[in-house]
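Novice: Data file target-v4.txt (compact mmCIF, C-alpha atoms and all ligand atoms) is appended below.
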# COMPACT_ATOMS: atom_id res chain seq x y z
CA MET A 1 -124.95 141.20 99.72
CA SER A 2 -121.37 140.23 98.96
CA VAL A 3 -118.96 142.85 97.70
CA LEU A 4 -116.93 141.74 94.71
CA VAL A 5 -113.39 143.09 94.86
CA GLU A 6 -112.32 143.59 91.28
CA PRO A 7 -108.88 142.16 90.72
CA GLN A 8 -106.39 144.39 88.95
CA GLN A 9 -105.29 141.56 86.69
CA HIS A 10 -106.56 140.90 83.21
CA GLN A 11 -110.32 140.62 83.41
CA LEU A 12 -111.89 137.57 81.86
CA SER A 13 -113.50 138.33 78.55
CA THR A 14 -117.11 137.29 77.98
CA ARG A 15 -115.87 134.73 75.48
CA GLN A 16 -113.46 133.22 78.00
CA LEU A 17 -116.18 133.01 80.66
CA GLU A 18 -118.38 131.18 78.13
CA ILE A 19 -115.55 128.71 77.42
CA VAL A 20 -114.99 128.11 81.16
CA ALA A 21 -118.75 127.64 81.65
CA GLN A 22 -118.85 125.03 78.86
CA LEU A 23 -115.81 123.28 80.32
CA VAL A 24 -117.44 123.07 83.75
CA GLU A 25 -120.64 121.57 82.30
CA ARG A 26 -118.65 119.08 80.27
CA VAL A 27 -116.29 117.85 83.01
CA ARG A 28 -119.15 117.58 85.49
CA ALA A 29 -121.07 115.40 83.02
CA GLU A 30 -118.10 113.25 81.96
CA LEU A 31 -115.67 112.83 84.83
CA PRO A 32 -116.45 111.36 88.26
CA TYR A 33 -113.86 113.53 90.02
CA TYR A 34 -115.39 116.83 88.90
CA ARG A 35 -118.95 115.56 89.46
CA ASP A 36 -118.08 115.35 93.15
CA ALA A 37 -115.65 118.26 93.44
CA ILE A 38 -117.51 121.10 91.69
CA PRO A 39 -120.29 122.55 93.89
CA ALA A 40 -123.76 121.47 92.71
CA GLY A 41 -125.66 124.25 91.02
CA LEU A 42 -122.57 126.36 90.27
CA THR A 43 -122.88 128.02 86.87
CA ILE A 44 -120.03 130.17 85.58
CA ARG A 45 -121.25 133.68 84.75
CA SER A 46 -118.58 135.88 86.31
CA ARG A 47 -114.98 135.97 87.52
CA GLU A 48 -116.35 135.49 91.04
CA ASP A 49 -117.95 132.19 89.96
CA VAL A 50 -114.58 130.96 88.63
CA LEU A 51 -113.13 131.54 92.10
CA LYS A 52 -115.69 129.07 93.51
CA LEU A 53 -114.22 126.23 91.43
CA PRO A 54 -112.14 123.80 93.51
CA ILE A 55 -108.35 123.98 93.50
CA MET A 56 -106.41 120.91 92.43
CA THR A 57 -102.93 120.11 93.72
CA LYS A 58 -100.42 117.65 92.27
CA GLU A 59 -101.18 115.31 95.15
CA MET A 60 -104.88 115.39 94.28
CA LEU A 61 -104.10 114.77 90.61
CA ARG A 62 -102.17 111.67 91.57
CA LYS A 63 -104.80 110.48 94.05
CA HIS A 64 -107.81 110.98 91.76
CA PHE A 65 -106.08 109.98 88.54
CA ARG A 66 -108.61 107.29 87.59
CA GLN A 67 -111.61 109.55 88.22
CA LEU A 68 -110.09 112.07 85.81
CA LEU A 69 -109.96 109.69 82.87
CA PRO A 70 -112.79 109.40 80.36
CA THR A 71 -115.17 106.51 81.04
CA ASP A 72 -116.02 106.34 77.36
CA GLU A 73 -113.61 103.79 75.93
CA GLN A 74 -114.39 104.87 72.38
CA GLY A 75 -113.01 108.30 73.05
CA GLU A 76 -110.02 109.76 71.24
CA ALA A 77 -106.73 107.88 71.26
CA ILE A 78 -104.82 108.73 74.41
CA GLU A 79 -101.12 109.40 74.86
CA TRP A 80 -99.54 108.73 78.24
CA TRP A 81 -96.84 110.97 79.62
CA SER A 82 -95.32 111.69 82.98
CA THR A 83 -93.84 114.85 84.46
CA SER A 84 -90.15 115.19 85.31
CA GLY A 85 -90.97 115.43 89.02
CA THR A 86 -89.42 118.84 89.57
CA THR A 87 -91.86 120.15 92.16
CA THR A 88 -92.91 116.82 93.71
CA ASP A 89 -92.81 113.17 92.73
CA ARG A 90 -93.51 112.46 89.10
CA VAL A 91 -97.12 112.72 87.96
CA GLN A 92 -98.71 110.50 85.31
CA VAL A 93 -100.77 112.46 82.79
CA ALA A 94 -102.81 111.63 79.73
CA TRP A 95 -103.88 113.66 76.74
CA ALA A 96 -105.58 113.09 73.43
CA LYS A 97 -103.47 112.38 70.39
CA GLY A 98 -102.75 115.66 68.63
CA GLN A 99 -103.23 117.79 71.78
CA LEU A 100 -99.58 118.85 71.87
CA LYS A 101 -99.68 119.96 68.25
CA ARG A 102 -102.95 121.88 68.70
CA GLY A 103 -101.62 123.55 71.84
CA HIS A 104 -98.37 124.58 70.14
CA GLN A 105 -100.27 126.03 67.20
CA ARG A 106 -102.44 128.14 69.50
CA THR A 107 -99.51 129.22 71.63
CA PHE A 108 -97.06 130.15 68.92
CA ALA A 109 -99.68 131.85 66.76
CA LEU A 110 -99.70 134.55 69.47
CA HIS A 111 -96.20 135.61 68.73
CA LYS A 112 -95.31 137.95 65.92
CA TRP A 113 -92.78 135.64 64.36
CA LYS A 114 -90.53 136.99 61.65
CA LEU A 115 -90.29 133.53 60.08
CA ASP A 116 -93.30 131.82 58.65
CA GLN A 117 -94.08 128.31 59.78
CA ALA A 118 -92.82 126.65 56.61
CA LYS A 119 -89.39 128.30 56.80
CA ARG A 120 -88.86 127.65 60.47
CA ARG A 121 -86.38 124.91 61.32
CA ALA A 122 -86.25 124.44 65.06
CA ALA A 123 -83.69 122.54 67.09
CA ILE A 124 -84.72 121.38 70.56
CA LEU A 125 -82.50 120.72 73.56
CA SER A 126 -84.56 119.58 76.54
CA SER A 127 -83.50 118.39 79.91
CA PRO A 128 -83.20 114.63 79.34
CA ILE A 129 -86.17 113.65 81.50
CA CYS A 130 -88.56 116.30 80.23
CA THR A 131 -91.35 113.78 79.80
CA GLY A 132 -89.80 110.42 80.50
CA THR A 133 -90.57 109.25 76.96
CA GLN A 134 -89.74 110.94 73.66
CA CYS A 135 -87.31 113.45 75.11
CA HIS A 136 -85.23 110.92 76.95
CA MET A 137 -82.17 111.63 74.86
CA ASP A 138 -79.43 110.63 77.24
CA MET A 139 -78.71 107.89 74.72
CA SER A 140 -77.00 108.66 71.45
CA LEU A 141 -79.75 108.45 68.84
CA SER A 142 -78.85 108.87 65.19
CA TYR A 143 -79.49 112.19 63.46
CA GLU A 144 -82.25 110.60 61.38
CA ASP A 145 -84.02 109.31 64.50
CA ARG A 146 -83.99 112.75 66.05
CA VAL A 147 -85.70 114.59 63.19
CA ILE A 148 -89.29 114.81 64.40
CA SER A 149 -92.16 115.62 62.06
CA GLU A 150 -95.38 114.62 63.80
CA TRP A 151 -95.48 117.16 66.64
CA THR A 152 -95.83 120.45 64.86
CA GLU A 153 -95.85 121.90 61.37
CA THR A 154 -92.30 123.12 61.91
CA ALA A 155 -89.31 120.96 61.00
CA LEU A 156 -87.82 119.80 64.31
CA LEU A 157 -84.51 118.32 65.31
CA SER A 158 -83.98 117.07 68.84
CA LEU A 159 -80.32 117.44 69.86
CA ASN A 160 -78.80 114.60 71.85
CA SER A 161 -78.81 115.69 75.47
CA GLY A 162 -77.20 114.25 78.58
CA MET A 163 -77.70 114.12 82.31
CA ASN A 164 -75.21 116.80 83.29
CA PRO A 165 -74.40 119.64 80.86
CA SER A 166 -71.31 120.82 82.75
CA ARG A 167 -69.85 117.42 81.86
CA PHE A 168 -70.75 117.39 78.16
CA GLY A 169 -67.49 116.41 76.47
CA VAL A 170 -65.99 118.01 73.39
CA SER A 171 -67.30 115.21 71.15
CA LYS A 172 -70.93 115.77 72.26
CA LEU A 173 -70.58 119.54 71.84
CA GLU A 174 -69.03 119.14 68.38
CA GLU A 175 -71.85 116.73 67.48
CA MET A 176 -74.43 119.38 68.47
CA ILE A 177 -72.71 122.05 66.38
CA GLY A 178 -72.53 119.62 63.44
CA ASP A 179 -76.24 118.77 63.89
CA LEU A 180 -77.27 122.46 63.95
CA ASP A 181 -75.25 123.16 60.78
CA ARG A 182 -76.53 120.07 58.98
CA PHE A 183 -80.18 120.76 59.91
CA ARG A 184 -79.75 124.48 59.04
CA ALA A 185 -81.56 125.34 62.27
CA ASN A 186 -82.80 128.95 62.40
CA THR A 187 -84.81 128.61 65.64
CA LEU A 188 -83.88 127.10 68.99
CA ALA A 189 -86.23 125.85 71.69
CA VAL A 190 -83.91 124.96 74.53
CA ASP A 191 -83.50 124.46 78.22
CA ALA A 192 -80.93 127.23 78.63
CA ALA A 193 -79.18 125.54 81.57
CA TYR A 194 -78.37 122.69 79.16
CA PHE A 195 -77.69 124.83 76.09
CA MET A 196 -75.24 126.81 78.26
CA ALA A 197 -72.77 123.96 77.77
CA LEU A 198 -72.76 124.69 74.05
CA ALA A 199 -72.82 128.50 74.40
CA ARG A 200 -69.74 128.58 76.68
CA TYR A 201 -67.88 126.20 74.37
CA MET A 202 -68.68 128.33 71.29
CA LEU A 203 -67.57 131.48 73.15
CA ALA A 204 -64.33 129.91 74.38
CA GLU A 205 -63.46 128.43 70.96
CA GLY A 206 -64.76 131.32 68.81
CA ILE A 207 -67.19 129.04 66.93
CA SER A 208 -70.12 130.39 64.88
CA LEU A 209 -73.00 128.42 63.35
CA ARG A 210 -73.26 128.40 59.55
CA THR A 211 -76.98 129.25 59.52
CA PRO A 212 -77.83 132.29 61.67
CA ILE A 213 -80.27 131.66 64.51
CA VAL A 214 -83.19 134.08 64.36
CA HIS A 215 -85.26 133.08 67.41
CA VAL A 216 -84.26 131.48 70.69
CA LEU A 217 -87.04 130.19 72.93
CA VAL A 218 -85.96 129.20 76.45
CA LYS A 219 -88.12 126.75 78.33
CA ASP A 220 -88.38 123.87 80.84
CA GLN A 221 -87.20 125.86 83.87
CA LEU A 222 -86.52 129.42 84.96
CA THR A 223 -83.76 130.78 82.72
CA SER A 224 -80.85 132.50 84.43
CA LYS A 225 -79.82 135.92 83.09
CA ILE A 226 -76.29 134.48 83.00
CA HIS A 227 -77.45 131.89 80.48
CA LYS A 228 -79.46 134.42 78.47
CA ARG A 229 -76.39 136.65 78.19
CA ALA A 230 -74.08 133.81 77.12
CA ILE A 231 -76.57 132.50 74.53
CA CYS A 232 -77.04 135.99 73.05
CA GLU A 233 -73.26 136.47 72.82
CA ALA A 234 -72.58 133.01 71.39
CA LEU A 235 -75.33 133.17 68.75
CA GLY A 236 -75.28 136.91 68.01
CA VAL A 237 -78.99 137.34 68.83
CA ALA A 238 -80.41 140.40 70.59
CA ARG A 239 -82.68 138.56 72.99
CA VAL A 240 -84.12 135.22 74.00
CA THR A 241 -87.82 134.64 74.61
CA GLU A 242 -89.15 132.79 77.65
CA VAL A 243 -91.93 130.29 77.11
CA TYR A 244 -93.87 128.60 79.89
CA GLY A 245 -95.49 125.22 79.96
CA MET A 246 -95.51 121.86 81.67
CA THR A 247 -96.19 118.24 80.86
CA GLU A 248 -99.51 118.30 82.78
CA ALA A 249 -100.67 121.02 80.37
CA ALA A 250 -99.45 119.18 77.23
CA GLY A 251 -96.43 121.40 76.67
CA GLU A 252 -95.79 125.12 76.35
CA PHE A 253 -98.77 127.46 76.45
CA ALA A 254 -97.48 130.97 77.18
CA VAL A 255 -94.95 133.13 75.34
CA GLU A 256 -93.09 136.20 76.63
CA CYS A 257 -93.73 139.51 74.85
CA GLU A 258 -91.21 142.35 74.58
CA HIS A 259 -92.59 143.84 77.82
CA GLY A 260 -91.81 140.70 79.79
CA ASN A 261 -95.33 139.30 80.22
CA LEU A 262 -96.37 135.75 79.35
CA HIS A 263 -99.32 135.82 76.97
CA TYR A 264 -101.52 132.78 76.34
CA SER A 265 -104.46 131.93 74.08
CA HIS A 266 -107.77 132.59 75.86
CA GLU A 267 -109.28 129.60 74.03
CA HIS A 268 -106.51 127.28 75.16
CA MET A 269 -105.95 128.12 78.81
CA LEU A 270 -106.96 130.22 81.79
CA LEU A 271 -104.05 131.33 83.95
CA GLU A 272 -104.46 132.85 87.39
CA VAL A 273 -101.95 134.24 89.87
CA VAL A 274 -103.47 133.62 93.30
CA ASP A 275 -102.69 134.06 96.98
CA ARG A 276 -102.89 131.35 99.64
CA SER A 277 -106.69 131.68 99.74
CA PHE A 278 -106.69 131.18 95.94
CA GLN A 279 -107.91 134.72 95.34
CA PRO A 280 -106.38 136.95 92.61
CA VAL A 281 -103.21 138.82 93.50
CA PRO A 282 -103.15 142.54 92.54
CA ALA A 283 -101.08 143.56 89.49
CA GLY A 284 -97.36 143.34 90.18
CA GLY A 285 -97.88 141.07 93.21
CA LEU A 286 -96.28 137.64 93.65
CA GLY A 287 -98.57 134.60 93.77
CA ARG A 288 -99.03 130.96 92.86
CA VAL A 289 -99.69 130.00 89.27
CA CYS A 290 -102.95 128.16 88.74
CA ILE A 291 -104.02 126.83 85.32
CA THR A 292 -107.30 125.69 83.80
CA THR A 293 -107.04 123.84 80.48
CA LEU A 294 -109.88 124.87 78.20
CA ASP A 295 -109.56 122.84 75.02
CA ARG A 296 -108.59 119.47 76.37
CA SER A 297 -110.78 116.44 75.76
CA VAL A 298 -108.71 114.05 77.89
CA MET A 299 -107.81 114.86 81.50
CA PRO A 300 -108.83 118.52 81.61
CA LEU A 301 -107.40 120.36 84.61
CA VAL A 302 -109.43 122.90 86.56
CA ARG A 303 -107.58 125.43 88.77
CA TYR A 304 -104.50 123.23 88.96
CA LEU A 305 -101.67 124.58 91.13
CA THR A 306 -98.43 124.24 89.21
CA GLY A 307 -96.04 124.80 92.13
CA ASP A 308 -94.63 127.87 90.35
CA LEU A 309 -94.70 131.52 91.38
CA ALA A 310 -95.34 134.44 89.03
CA LEU A 311 -96.10 138.13 89.16
CA ALA A 312 -99.64 139.17 88.30
CA ALA A 313 -99.66 141.17 85.05
CA PRO A 314 -101.29 144.58 84.68
CA ALA A 315 -104.77 144.69 83.15
CA GLU A 316 -103.40 145.87 79.82
CA CYS A 317 -99.98 144.94 78.53
CA ARG A 318 -98.20 147.73 76.66
CA CYS A 319 -97.20 145.34 73.86
CA GLY A 320 -100.73 145.60 72.48
CA LEU A 321 -101.43 141.86 72.28
CA ALA A 322 -105.11 141.31 72.98
CA GLU A 323 -104.59 137.88 74.52
CA PRO A 324 -104.41 137.73 78.34
CA ALA A 325 -101.13 137.50 80.24
CA ILE A 326 -99.46 136.80 83.53
CA GLY A 327 -96.08 138.23 84.55
CA LEU A 328 -92.87 136.22 84.26
CA ILE A 329 -92.36 133.07 86.31
CA GLN A 330 -90.34 133.86 89.45
CA GLY A 331 -89.39 130.32 90.44
CA ARG A 332 -90.86 127.41 92.33
CA ILE A 333 -92.42 127.72 95.78
CA GLN A 334 -90.16 124.97 97.09
CA ASP A 335 -87.06 126.88 95.91
CA LEU A 336 -87.73 130.03 97.96
CA VAL A 337 -85.10 131.17 100.43
CA THR A 338 -85.51 133.88 103.06
CA THR A 339 -83.63 137.02 103.99
CA THR A 340 -81.95 136.92 107.37
CA ALA A 341 -85.09 138.71 108.63
CA GLY A 342 -87.30 135.89 107.32
CA ALA A 343 -88.83 137.53 104.21
CA PRO A 344 -89.24 135.20 101.20
CA VAL A 345 -86.87 135.63 98.26
CA THR A 346 -87.56 133.99 94.89
CA THR A 347 -85.18 132.20 92.55
CA ARG A 348 -85.60 135.10 90.07
CA GLN A 349 -84.57 137.65 92.71
CA VAL A 350 -81.50 135.60 93.60
CA ASP A 351 -80.64 135.29 89.91
CA ASP A 352 -81.05 139.02 89.25
CA ALA A 353 -78.60 139.77 92.09
CA VAL A 354 -76.02 137.13 91.07
CA ALA A 355 -76.20 137.92 87.32
CA ALA A 356 -75.83 141.67 87.89
CA ALA A 357 -72.73 141.16 90.02
CA ALA A 358 -70.95 138.35 88.22
CA ARG A 359 -69.10 137.75 85.01
CA GLY A 360 -67.15 134.55 84.56
CA ILE A 361 -69.77 132.27 86.16
CA ASP A 362 -71.58 129.63 84.08
CA TRP A 363 -73.72 127.75 86.63
CA TYR A 364 -74.34 128.42 90.31
CA ALA A 365 -76.52 127.45 93.27
CA VAL A 366 -77.43 129.54 96.32
CA LEU A 367 -78.57 127.35 99.19
CA GLN A 368 -79.75 128.61 102.55
CA ARG A 369 -78.19 126.44 105.25
CA GLY A 370 -79.51 128.27 108.34
CA PRO A 371 -81.52 131.42 109.22
CA ALA A 372 -78.55 133.65 108.24
CA ARG A 373 -76.20 131.12 106.59
CA TYR A 374 -75.95 130.59 102.85
CA SER A 375 -73.64 128.79 100.44
CA PHE A 376 -72.80 129.98 96.95
CA ASP A 377 -71.42 127.25 94.66
CA TYR A 378 -70.35 128.19 91.15
CA VAL A 379 -68.77 126.78 88.02
CA PRO A 380 -66.40 129.33 86.43
CA SER A 381 -66.55 130.10 82.70
CA LEU A 382 -64.02 128.32 80.51
CA GLY A 383 -60.79 130.27 80.79
CA ALA A 384 -62.30 132.84 83.17
CA ARG A 385 -60.53 131.67 86.28
CA ALA A 386 -57.24 133.19 85.27
CA VAL A 387 -58.88 136.54 84.51
CA HIS A 388 -60.65 137.40 87.73
CA ASP A 389 -62.31 135.99 90.80
CA PRO A 390 -66.07 136.70 90.66
CA ALA A 391 -66.78 135.69 94.24
CA ALA A 392 -66.33 138.98 96.13
CA ALA A 393 -68.84 140.89 93.97
CA VAL A 394 -71.41 138.10 94.32
CA VAL A 395 -71.06 138.02 98.11
CA ASP A 396 -71.73 141.78 98.21
CA ALA A 397 -74.76 141.37 95.94
CA LEU A 398 -76.17 138.51 98.02
CA LYS A 399 -75.70 140.49 101.24
CA GLY A 400 -77.57 143.36 99.58
CA LEU A 401 -80.44 140.98 98.80
CA LEU A 402 -80.46 138.75 101.89
CA GLY A 403 -79.23 141.06 104.66
CA ASN A 404 -75.92 142.59 105.70
CA ASP A 405 -75.62 140.00 108.45
CA ALA A 406 -75.83 137.14 105.89
CA ASP A 407 -72.94 134.70 106.19
CA VAL A 408 -72.21 133.64 102.58
CA GLN A 409 -69.68 130.85 102.01
CA VAL A 410 -68.31 130.60 98.46
CA TYR A 411 -67.25 127.35 96.81
CA GLU A 412 -65.77 127.13 93.34
CA THR A 413 -66.47 123.80 91.68
CA MET A 414 -66.08 122.24 88.23
CA ASP A 415 -69.51 120.66 88.30
CA ILE A 416 -73.01 121.50 89.54
CA ALA A 417 -75.33 118.64 88.65
CA PRO A 418 -79.05 119.04 88.01
CA GLN A 419 -81.47 117.26 90.34
CA LYS A 420 -82.70 113.79 89.46
CA SER A 421 -85.63 115.44 87.63
CA GLY A 422 -83.10 116.92 85.20
CA LYS A 423 -83.92 120.44 86.44
CA TYR A 424 -81.54 122.72 88.31
CA ARG A 425 -82.09 124.07 91.77
CA THR A 426 -80.34 127.44 91.68
CA SER A 427 -81.85 128.52 95.00
CA GLY A 428 -83.46 126.76 97.92
CA GLN A 429 -83.26 125.82 101.57
CA ASP A 430 -81.22 122.82 102.61
CA PRO A 431 -82.38 121.67 105.13
CA VAL A 432 -85.97 122.99 104.87
CA LEU A 433 -86.29 125.85 107.35
CA THR A 434 -89.51 127.64 106.43
CA THR A 435 -93.07 126.72 105.46
CA PHE A 436 -94.02 129.29 102.84
CA GLU A 437 -97.63 130.43 102.67
CA LEU A 438 -97.72 132.76 99.72
ZN ZN B 501 -97.38 141.88 76.28
Show this structure as structure tokens.

Specialist:
Amino acid sequence: MSVLVEPQQHQLSTRQLEIVAQLVERVRAELPYYRDAIPAGLTIRSREDVLKLPIMTKEMLRKHFRQLLPTDEQGEAIEWWSTSGTTTDRVQVAWAKGQLKRGHQRTFALHKWKLDQAKRRAAILSSPICTGTQCHMDMSLSYEDRVISEWTETALLSLNSGMNPSRFGVSKLEEMIGDLDRFRANTLAVDAAYFMALARYMLAEGISLRTPIVHVLVKDQLTSKIHKRAICEALGVARVTEVYGMTEAAGEFAVECEHGNLHYSHEHMLLEVVDRSFQPVPAGGLGRVCITTLDRSVMPLVRYLTGDLALAAPAECRCGLAEPAIGLIQGRIQDLVTTTAGAPVTTRQVDDAVAAAARGIDWYAVLQRGPARYSFDYVPSLGARAVHDPAAAVVDALKGLLGNDADVQVYETMDIAPQKSGKYRTSGQDPVLTTFEL
């Protein structure tokens, strides 16, 4: 008799198990990939059964792409998208028309918004290659062309972005401020590393928006505390809210609550935080994020490894939301560094140390160059250079995190560019030194 070790994460509700069971039956009947990959005779009745479902990696998604598409040509209209290629090469994905809108409705219904849907006017600033299609705003589209109505029920304005926010010129920044005023935006959904360009400019120039911003959602990549702080100061908001999603999952699907957990709709998604054997990690532990899409008619994903790391949430979140949760995203597996003793350190841990020590830094990157050698590159805040040199405090903080014998070289620069995916790499090994097996 096997002994089931009960995970200390959120248990799956009966309803969620039923939804997973239906999904398994459906994908096995409809899609050649799952017909072969899911063990014959497996019926989902318990959490333990879910753990018997096969894991899918990005590589497998790319390799088996055709076997994941519906064979029924009369199926729903399909939209084609591709990922930005942050964790590996870009991945082609497909979803049914309307999936993004349905997913957003489920996701944002979780949150206790102070604004009702009809009054919300949201401005979006994505990294320019967020999907390779609609969000590719490195060009200068007209204001009229950037007002989007078909995605959600909320009025949306996409701000013109660019490849490298630390090089946004005054005219682009003034255009963004003009757009936000003209649109009367009261909500922002932004990649904070990009919006930082605007926040630092507003702080340096003492600019305020005419319409107060009520909610700021930060998305697309792990948000630095440095960027959260600057955005709160520039906009006069108390906090920003992290949301989590990815192109493969048709957008954002989890929203941070006031206790720092990412809640998601149990009808929309199943999220797991797993160890290297794909078993649940105990509450508070660090593991890989694995998603199962539950309401997707085109290209459903079963136990798909996102390449991200998160903490496992406690069984009950103190915020009182009934929907399940995982802890906050801690960074990407490929962006881990190690202490001088070889222990893994996440992007979030690096950021906590740097942000606590530093004022006067707007973007930075910590790269591990050798077992005990690190570089710290940073872009100073506008006008901050004359005030003080932030480097000494950061070196102390990084030694505290990485080891007293860490050799940290500091480089001040005017420009840290994102990677070709449009995402930043604020920590990582260069060259690759360690194979991480979390
Ligand atoms: Zn919560």

Novice: List all protein, DNA and RNA residues that have at least one atom no more than 8 Å from any atom of ligand ZN 501 (chain B), counting only C-alpha atoms and all ligand atoms, and write them as a PDB file with C-alpha atoms, keeping the file's coordinate frame.

Specialist:
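Generated output (pocket_5.pdb):
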ATOM      1  CA  GLU A 256     -93.090 136.200  76.630  1.00  0.00           C
ATOM      2  CA  CYS A 257     -93.730 139.510  74.850  1.00  0.00           C
ATOM      3  CA  GLU A 258     -91.210 142.350  74.580  1.00  0.00           C
ATOM      4  CA  HIS A 259     -92.590 143.840  77.820  1.00  0.00           C
ATOM      5  CA  GLY A 260     -91.810 140.700  79.790  1.00  0.00           C
ATOM      6  CA  ASN A 261     -95.330 139.300  80.220  1.00  0.00           C
ATOM      7  CA  LEU A 262     -96.370 135.750  79.350  1.00  0.00           C
ATOM      8  CA  HIS A 263     -99.320 135.820  76.970  1.00  0.00           C
ATOM      9  CA  CYS A 317     -99.980 144.940  78.530  1.00  0.00           C
ATOM     10  CA  ARG A 318     -98.200 147.730  76.660  1.00  0.00           C
ATOM     11  CA  CYS A 319     -97.200 145.340  73.860  1.00  0.00           C
ATOM     12  CA  GLY A 320    -100.730 145.600  72.480  1.00  0.00           C
ATOM     13  CA  LEU A 321    -101.430 141.860  72.280  1.00  0.00           C
ATOM     14  CA  ALA A 325    -101.130 137.500  80.240  1.00  0.00           C
TER      15      ALA A 325
END

Novice: Got a sec: who's within 7 Å of range 283-296 of chain A, counting only C-alpha atoms, leaving out chain neighbours fewer than 4 positions off, as a PyMOL selection string?

Specialist: chain A and resi 8-9+19-20+23+249+267-275+300-314+438

Novice: Work out how far CA of Leu433 in chain A is from CA of Gly370 in chain A, in Å to one decimal.

Specialist: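 These atoms are spaced 7.3 Å apart.
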
Novice: Do you have the CA of Arg373 in chain A-CA of Asp415 in chain A distance handy?

Specialist: 22.1 Å

Novice: Between A:Pro324, A:Lys423, A:His227, A:Ala372, which residue has the minimum interatomic distance to Ala355 in chain A, considering only C-alpha atoms?

Specialist: A:His227

Novice: In terms of the shortest atom-to-atom distance over all atoms listed in the file, which of A:Gly342, A:Ala197, A:Gly327, A:Arg45 is closest to Thr14 in chain A?

Specialist: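 Among A:Gly342, A:Ala197, A:Gly327, A:Arg45, it is A:Arg45 that comes nearest to Thr14 in chain A.
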
Novice: List as a ChimeraX atom specification the protein and nucleic acid residues near range 156-173 of chain A, meaning an atom at most 8 Å away when all atoms listed in the file are counted, but skip any in the same chain fewer than 5 places from it.

Specialist: /A:121-128,135,137-141,146-149,179,183,193-198,201,414-418,422

Novice: Could you work out how far CA of Glu79 in chain A lies from CA of His111 in chain A, giving the answer in Å with one decimal?

Specialist: 27.4 Å

Novice: Draw an axis-aligned box tight on the listed atoms of range 235-246 of chain A, then pad every side by 5 Å and write out centre and edge lengths in Å to one decimal as AutoDock Vina command-line options.

Specialist:
--center_x -85.4 --center_y 131.1 --center_z 74.8 --size_x 30.2 --size_y 28.5 --size_z 23.7

Novice: Taking only C-alpha atoms into account, which of A:Val395, A:Ala29, A:Val354, A:Ala406 comes nearest Thr340 in chain A?

Specialist: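 Closest to Thr340 in chain A, using only C-alpha atoms: A:Ala406.
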
Novice: Given the point (-90.1, 124.4, 84.6) in the file's coordinates, find the residues that have an atom at most 9 Å from it, counting only C-alpha atoms, and give them as a list in words.

Specialist: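 Residues satisfying the cut-off, written out: Thr86, Thr87, Lys219, Asp220, Gln221, Leu222, Tyr244, Gly245, Met246, Asp308, Gly331, Arg332 and Lys423 of chain A.
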
Novice: Using all atoms listed in the file, can you tell me which of A:Asp181, A:Glu412, A:Glu252, A:Asp362 comes closest to Thr211 in chain A?

Specialist: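 Among the listed residues, A:Asp181 lies closest to Thr211 in chain A.
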
Novice: Rank nothing, just name the residue among A:Ser421, A:Gln99, A:Thr247, A:Thr223 nearest to Arg348 in chain A, using all atoms listed in the file.

Specialist: A:Thr223
